[in-house]
Amino acid sequence: MYNLIIYIYQLGVIITSLFNEKVRKMWRGERDAIRILKEKVDPNAKYVWFHAASLGEFEQGRPLMEQLRQDHPEYKILLTFFSPSGYEVRKNYAGADIICYLPLDTITNARRFLRTIRPVMAFFIKYEFWYNYLHILKHRGVPVYSVSSIFRPGQIFFRWYGRQYSHVLKCFTHFFVQNEISKELLGTIGITNVSIVGDTRFDRVLQIKAAAKQLPIVEAFASAETPKVFVAGSSWQPDEDIFIPFFNEHRDWKLIIAPHVIGEEHLKQIEKQLEGRKVARYSSLEHLDHLDPLENLEVLIIDCFGLLSSIYHYADVTYVGGGFGVGIHNTLEAAVWDVPVIFGPNNERFQEAQGLKACGGGYEITGADDFRRIMQRFIDTPQTITESGRQSGAFVQQMTGATKKVLSAVDL
């Protein structure tokens, strides 16, 4: 049944690729993967295979790859992606020796792929459970580890109709899960080779903080004699509809907006909501010989990628978008800078958001009234900002260490 579904899915991908550029890139990448491997694989090398579905999973696997390369340079690293949103962004990542798409999980593809690379071990990040790859790896005696995985009662493995498919989990040598609930759920289907180590993303955000960029434009903007700076990261229009009206009234706060979608239509929509304010786009300021005029700006719109994690450094209070859509974006990149983090209601699947709320460093809002209440509290009692930020930073620090726990438990 699984293989039939995979072939039907493959047919759907082929058809969709005729009309969708993203799917077309994925399909081409999957077809080219074996050729890339045959060209680049060193037959005398020992490869450790890391597989990440997309960019978020890559960030979770990155600390492991970099620590492994540092401690065990005798291994080469193969990194595969399923989604173009991961591969296209990280196809030139220097921390891996070979980077390619993972061919679709047919029996033929899995055999050809594994015959070509012959990995000595494999790490699947978070949610990846490819039936044919995993069964062939097990048959060949290759250790396979699931890292930063998290399980919930509603997943197919724990439903009556998914018990047959749940046997795929028995192919893993060990599970390094994020929480106790995941360990208990795996135990209900007889899987006990489980360790609770937490999430490697906490280690990653410390790396990001240590490598933060110096941003003279943002620094000049934020250095004016303004009481506070509010940074909204990865915001969508429903988020902006909440916080922009508030800061149109409270103009003594500096406002930095880094929208998730950087398109001209969206940027103009933001600027329209800020009518009457002194607003500038980041890209329009890069040509300035001196940055003194930036102190007079009220709002800075970040219209380029790659800066947000460093921009949070200049914030007194942060907002992370996505919580009024499919789910919040990366709250840890903000929290690591010892600042309060506000986010929308769609956060229940995000363990880090639950942790931030529990420690007093994170705040959930369901609408404009909640946002106004929280911000008014920060304004009335500024020490609340300091204390909440301290709790955010402490939470991140307390949750680090998963990378070392995983690698110390793996037979390298």
# chains A, B, ... in the order shown; residues from 1 in each chain; ligands from 1

call {"tool": "residues_around", "arguments": {"residues": "Phe172 (chain A)", "least_positions_apart": "2", "cutoff": "9 Å", "atoms": "only C-alpha atoms", "output": "list in words"}}
result
Leu134, Lys138, Pro143, Val144, Tyr145, Ser146, Val168, Leu169, Lys170, His174, Phe175 and Asn193 of chain A

call {"tool": "write_last_selection", "arguments": {"atoms": "all heavy atoms", "output": "mmCIF file, in the first residue's frame"}}
result
data_model
loop_
_atom_site.group_PDB
_atom_site.id
_atom_site.type_symbol
_atom_site.label_atom_id
_atom_site.label_comp_id
_atom_site.auth_asym_id
_atom_site.auth_seq_id
_atom_site.Cartn_x
_atom_site.Cartn_y
_atom_site.Cartn_z
ATOM 1 N N LEU A 134 14.558 3.555 5.117
ATOM 2 C CA LEU A 134 14.822 3.079 6.473
ATOM 3 C C LEU A 134 14.924 1.558 6.538
ATOM 4 O O LEU A 134 15.786 1.014 7.238
ATOM 5 C CB LEU A 134 13.732 3.588 7.418
ATOM 6 C CG LEU A 134 13.814 5.090 7.725
ATOM 7 C CD1 LEU A 134 12.542 5.584 8.393
ATOM 8 C CD2 LEU A 134 15.027 5.394 8.600
ATOM 9 N N LYS A 138 18.302 -0.527 7.599
ATOM 10 C CA LYS A 138 18.291 -1.524 8.662
ATOM 11 C C LYS A 138 18.806 -2.869 8.158
ATOM 12 O O LYS A 138 19.600 -3.558 8.834
ATOM 13 C CB LYS A 138 16.879 -1.681 9.227
ATOM 14 C CG LYS A 138 16.816 -2.663 10.396
ATOM 15 C CD LYS A 138 15.399 -2.797 10.940
ATOM 16 C CE LYS A 138 15.381 -3.776 12.117
ATOM 17 N NZ LYS A 138 14.012 -3.964 12.658
ATOM 18 N N PRO A 143 23.549 2.126 11.225
ATOM 19 C CA PRO A 143 22.872 2.808 12.337
ATOM 20 C C PRO A 143 22.115 4.043 11.849
ATOM 21 O O PRO A 143 22.649 4.830 11.060
ATOM 22 C CB PRO A 143 24.025 3.214 13.272
ATOM 23 C CG PRO A 143 25.177 2.348 12.873
ATOM 24 C CD PRO A 143 25.012 2.087 11.408
ATOM 25 N N VAL A 144 20.884 4.201 12.306
ATOM 26 C CA VAL A 144 20.045 5.325 11.901
ATOM 27 C C VAL A 144 19.478 5.994 13.144
ATOM 28 O O VAL A 144 18.911 5.323 14.009
ATOM 29 C CB VAL A 144 18.885 4.860 10.993
ATOM 30 C CG1 VAL A 144 18.115 6.075 10.477
ATOM 31 C CG2 VAL A 144 19.393 4.030 9.840
ATOM 32 N N TYR A 145 19.617 7.310 13.216
ATOM 33 C CA TYR A 145 19.196 8.051 14.404
ATOM 34 C C TYR A 145 18.158 9.103 14.034
ATOM 35 O O TYR A 145 18.295 9.806 13.027
ATOM 36 C CB TYR A 145 20.400 8.721 15.064
ATOM 37 C CG TYR A 145 21.494 7.746 15.409
ATOM 38 C CD1 TYR A 145 22.598 7.570 14.568
ATOM 39 C CD2 TYR A 145 21.419 6.956 16.559
ATOM 40 C CE1 TYR A 145 23.592 6.657 14.871
ATOM 41 C CE2 TYR A 145 22.410 6.038 16.877
ATOM 42 C CZ TYR A 145 23.496 5.893 16.027
ATOM 43 O OH TYR A 145 24.480 4.976 16.322
ATOM 44 N N SER A 146 17.129 9.203 14.840
ATOM 45 C CA SER A 146 16.134 10.261 14.701
ATOM 46 C C SER A 146 16.456 11.340 15.728
ATOM 47 O O SER A 146 16.517 11.066 16.929
ATOM 48 C CB SER A 146 14.728 9.707 14.939
ATOM 49 O OG SER A 146 13.767 10.732 14.861
ATOM 50 N N VAL A 168 7.780 1.134 10.731
ATOM 51 C CA VAL A 168 8.931 1.851 10.180
ATOM 52 C C VAL A 168 9.800 2.427 11.293
ATOM 53 O O VAL A 168 11.019 2.576 11.152
ATOM 54 C CB VAL A 168 8.462 2.958 9.209
ATOM 55 C CG1 VAL A 168 7.812 4.117 9.957
ATOM 56 C CG2 VAL A 168 9.621 3.465 8.373
ATOM 57 N N LEU A 169 9.181 2.741 12.426
ATOM 58 C CA LEU A 169 9.936 3.325 13.535
ATOM 59 C C LEU A 169 10.909 2.321 14.152
ATOM 60 O O LEU A 169 11.883 2.712 14.797
ATOM 61 C CB LEU A 169 8.973 3.850 14.602
ATOM 62 C CG LEU A 169 7.984 4.936 14.140
ATOM 63 C CD1 LEU A 169 7.099 5.366 15.305
ATOM 64 C CD2 LEU A 169 8.713 6.126 13.550
ATOM 65 N N LYS A 170 10.654 1.050 13.953
ATOM 66 C CA LYS A 170 11.546 0.027 14.496
ATOM 67 C C LYS A 170 12.856 -0.076 13.709
ATOM 68 O O LYS A 170 13.758 -0.813 14.099
ATOM 69 C CB LYS A 170 10.830 -1.327 14.524
ATOM 70 C CG LYS A 170 9.605 -1.333 15.429
ATOM 71 C CD LYS A 170 8.972 -2.711 15.506
ATOM 72 C CE LYS A 170 7.674 -2.681 16.324
ATOM 73 N NZ LYS A 170 7.905 -2.301 17.736
ATOM 74 N N HIS A 174 18.143 4.528 17.339
ATOM 75 C CA HIS A 174 17.823 5.261 18.567
ATOM 76 C C HIS A 174 17.065 6.537 18.211
ATOM 77 O O HIS A 174 17.286 7.133 17.156
ATOM 78 C CB HIS A 174 19.104 5.625 19.331
ATOM 79 C CG HIS A 174 18.871 5.877 20.786
ATOM 80 N ND1 HIS A 174 18.860 4.863 21.724
ATOM 81 C CD2 HIS A 174 18.620 7.020 21.478
ATOM 82 C CE1 HIS A 174 18.634 5.366 22.931
ATOM 83 N NE2 HIS A 174 18.477 6.674 22.792
ATOM 84 N N PHE A 175 16.180 6.928 19.112
ATOM 85 C CA PHE A 175 15.444 8.185 19.000
ATOM 86 C C PHE A 175 15.963 9.161 20.047
ATOM 87 O O PHE A 175 16.000 8.838 21.242
ATOM 88 C CB PHE A 175 13.949 7.966 19.239
ATOM 89 C CG PHE A 175 13.243 7.258 18.123
ATOM 90 C CD1 PHE A 175 13.192 5.874 18.083
ATOM 91 C CD2 PHE A 175 12.622 7.966 17.107
ATOM 92 C CE1 PHE A 175 12.549 5.214 17.052
ATOM 93 C CE2 PHE A 175 11.968 7.313 16.077
ATOM 94 C CZ PHE A 175 11.937 5.934 16.048
ATOM 95 N N ASN A 193 14.017 2.344 22.704
ATOM 96 C CA ASN A 193 15.368 2.870 22.444
ATOM 97 C C ASN A 193 15.282 4.382 22.248
ATOM 98 O O ASN A 193 15.473 4.917 21.149
ATOM 99 C CB ASN A 193 15.991 2.185 21.233
ATOM 100 C CG ASN A 193 15.072 2.183 20.015
ATOM 101 O OD1 ASN A 193 13.855 2.134 20.151
ATOM 102 N ND2 ASN A 193 15.654 2.223 18.837
#

call {"tool": "residues_around", "arguments": {"residues": "Glu348 (chain A)", "least_positions_apart": "3", "cutoff": "12 Å", "atoms": "only C-alpha atoms", "output": "list in words"}}
result
Arg152, Gly323, Val326, Gly327, Ile328, Phe343, Gly344, Pro345, Gln351, Glu352, Ala353, Gln354, Gly355, Leu356, Lys357 and Glu364 of chain A

call {"tool": "residues_around", "arguments": {"residues": "region 396-409 of chain A", "least_positions_apart": "4", "cutoff": "8 Å", "atoms": "only C-alpha atoms", "output": "VMD selection string"}}
result
chain A and resid 63 to 64 67 to 68 147 176 197 to 200 202 to 203 332 335 to 336 392

call {"tool": "residues_around", "arguments": {"residues": "Glu180 (chain A)", "least_positions_apart": "4", "cutoff": "9 Å", "atoms": "only C-alpha atoms", "output": "list of chain:residue names"}}
result
A:Glu184, A:Leu185, A:Ile196

call {"tool": "write_last_selection", "arguments": {"atoms": "all heavy atoms", "output": "PDB file, in the first residue's frame"}}
result
ATOM      1  N   GLU A 184       6.932   8.598  25.987  1.00  0.00           N
ATOM      2  CA  GLU A 184       5.808   7.785  26.452  1.00  0.00           C
ATOM      3  C   GLU A 184       4.993   7.244  25.275  1.00  0.00           C
ATOM      4  O   GLU A 184       4.567   6.082  25.282  1.00  0.00           O
ATOM      5  CB  GLU A 184       4.921   8.613  27.378  1.00  0.00           C
ATOM      6  CG  GLU A 184       5.588   8.957  28.703  1.00  0.00           C
ATOM      7  CD  GLU A 184       4.747   9.889  29.552  1.00  0.00           C
ATOM      8  OE1 GLU A 184       3.676  10.329  29.061  1.00  0.00           O
ATOM      9  OE2 GLU A 184       5.154  10.193  30.698  1.00  0.00           O
ATOM     10  N   LEU A 185       4.765   8.053  24.269  1.00  0.00           N
ATOM     11  CA  LEU A 185       4.002   7.611  23.101  1.00  0.00           C
ATOM     12  C   LEU A 185       4.726   6.489  22.363  1.00  0.00           C
ATOM     13  O   LEU A 185       4.106   5.492  21.964  1.00  0.00           O
ATOM     14  CB  LEU A 185       3.768   8.784  22.150  1.00  0.00           C
ATOM     15  CG  LEU A 185       2.679   9.782  22.549  1.00  0.00           C
ATOM     16  CD1 LEU A 185       2.731  11.010  21.662  1.00  0.00           C
ATOM     17  CD2 LEU A 185       1.297   9.125  22.458  1.00  0.00           C
ATOM     18  N   ILE A 196      15.602  11.360  25.990  1.00  0.00           N
ATOM     19  CA  ILE A 196      15.104  12.735  25.959  1.00  0.00           C
ATOM     20  C   ILE A 196      16.312  13.667  26.038  1.00  0.00           C
ATOM     21  O   ILE A 196      17.005  13.713  27.056  1.00  0.00           O
ATOM     22  CB  ILE A 196      14.153  13.017  27.132  1.00  0.00           C
ATOM     23  CG1 ILE A 196      12.985  12.027  27.120  1.00  0.00           C
ATOM     24  CG2 ILE A 196      13.624  14.448  27.063  1.00  0.00           C
ATOM     25  CD1 ILE A 196      12.130  12.085  28.371  1.00  0.00           C
TER      26      ILE A 196
END

call {"tool": "closest_atom_pairs", "arguments": {"of": "region 86-137 of chain A", "to": "region 44-59 of chain A", "cutoff": "6 Å", "atoms": "only C-alpha atoms", "output": "tab-separated table"}}
result
residue	atom	partner	partner_atom	distance
A:Gly86	CA	A:Leu55	CA	4.0
A:Pro119	CA	A:Tyr47	CA	4.8
A:Val120	CA	A:Val48	CA	5.9
A:Met121	CA	A:Val48	CA	5.2
A:Ala122	CA	A:Trp49	CA	4.6
A:Phe123	CA	A:Phe50	CA	4.8
A:Phe124	CA	A:His51	CA	5.1
A:Ile125	CA	A:Ala52	CA	5.5

call {"tool": "residues_around", "arguments": {"residues": "Ile34 (chain A)", "least_positions_apart": "2", "cutoff": "8 Å", "atoms": "only C-alpha atoms", "output": "compact mmCIF listing (two decimals) with N, CA and C atoms, in the first residue's frame"}}
result
# COMPACT_ATOMS: atom_id res chain seq x y z
N ARG A 31 15.55 13.88 -9.67
CA ARG A 31 16.04 13.09 -10.81
C ARG A 31 17.56 13.22 -10.98
N ASP A 32 18.12 14.39 -10.62
CA ASP A 32 19.55 14.63 -10.79
C ASP A 32 20.39 14.11 -9.62
N ILE A 36 24.47 13.42 -9.46
CA ILE A 36 25.33 14.26 -8.63
C ILE A 36 26.18 13.40 -7.70
N LEU A 37 25.55 12.41 -7.10
CA LEU A 37 26.27 11.54 -6.18
C LEU A 37 27.37 10.76 -6.89
N LYS A 38 27.06 10.22 -8.07
CA LYS A 38 28.07 9.45 -8.81
C LYS A 38 29.27 10.32 -9.19
N PRO A 103 16.02 11.53 -3.60
CA PRO A 103 15.07 10.96 -4.55
C PRO A 103 13.85 10.39 -3.83
N ARG A 112 19.33 2.42 -5.28
CA ARG A 112 20.37 3.11 -6.06
C ARG A 112 21.08 4.15 -5.21
N PHE A 113 20.32 4.91 -4.46
CA PHE A 113 20.89 5.97 -3.62
C PHE A 113 21.86 5.38 -2.60
N THR A 116 25.02 3.88 -3.95
CA THR A 116 25.98 4.88 -4.42
C THR A 116 26.73 5.52 -3.27

call {"tool": "select_by_dssp", "arguments": {"residues": "region 61-214 of chain A", "states": "alpha helix (DSSP H)", "output": "number ranges by chain"}}
result
A: 61-71, 84-90, 107-117, 131-139, 180-188, 201-210

call {"tool": "closest_residue", "arguments": {"among": "A:Ala94, A:Ala210, A:Val89, A:Val317", "to": "Gly362 (chain A)", "atoms": "only C-alpha atoms"}}
result
A:Val317

call {"tool": "residues_around", "arguments": {"residues": "region 252-263 of chain A", "least_positions_apart": "4", "cutoff": "9 Å", "atoms": "only C-alpha atoms", "output": "ChimeraX atom specification"}}
result
/A:218,221-222,226-237,240,244,247,267-268,270,297-305,307-308,311,315,321-322

call {"tool": "atom_distance", "arguments": {"atom1": "CA of Ile242 (chain A)", "atom2": "CA of Ala368 (chain A)"}}
result
5.0 Å

call {"tool": "closest_residue", "arguments": {"among": "A:Gly190, A:Gly361, A:Pro153, A:Pro43", "to": "Ile117 (chain A)", "atoms": "only C-alpha atoms"}}
result
A:Pro43

call {"tool": "atom_distance", "arguments": {"atom1": "CA of Leu11 (chain A)", "atom2": "CA of Trp160 (chain A)"}}
result
28.3 Å

call {"tool": "atom_distance", "arguments": {"atom1": "CA of Ser182 (chain A)", "atom2": "CA of Trp130 (chain A)"}}
result
19.1 Å

call {"tool": "closest_residue", "arguments": {"among": "A:Asp369, A:Arg69, A:Ile217, A:His313", "to": "Leu285 (chain A)", "atoms": "only C-alpha atoms"}}
result
A:Ile217

call {"tool": "select_by_dssp", "arguments": {"residues": "region 307-374 of chain A", "states": "strand (DSSP E)", "output": "ChimeraX atom specification"}}
result
/A:317-320,341-343,362-364
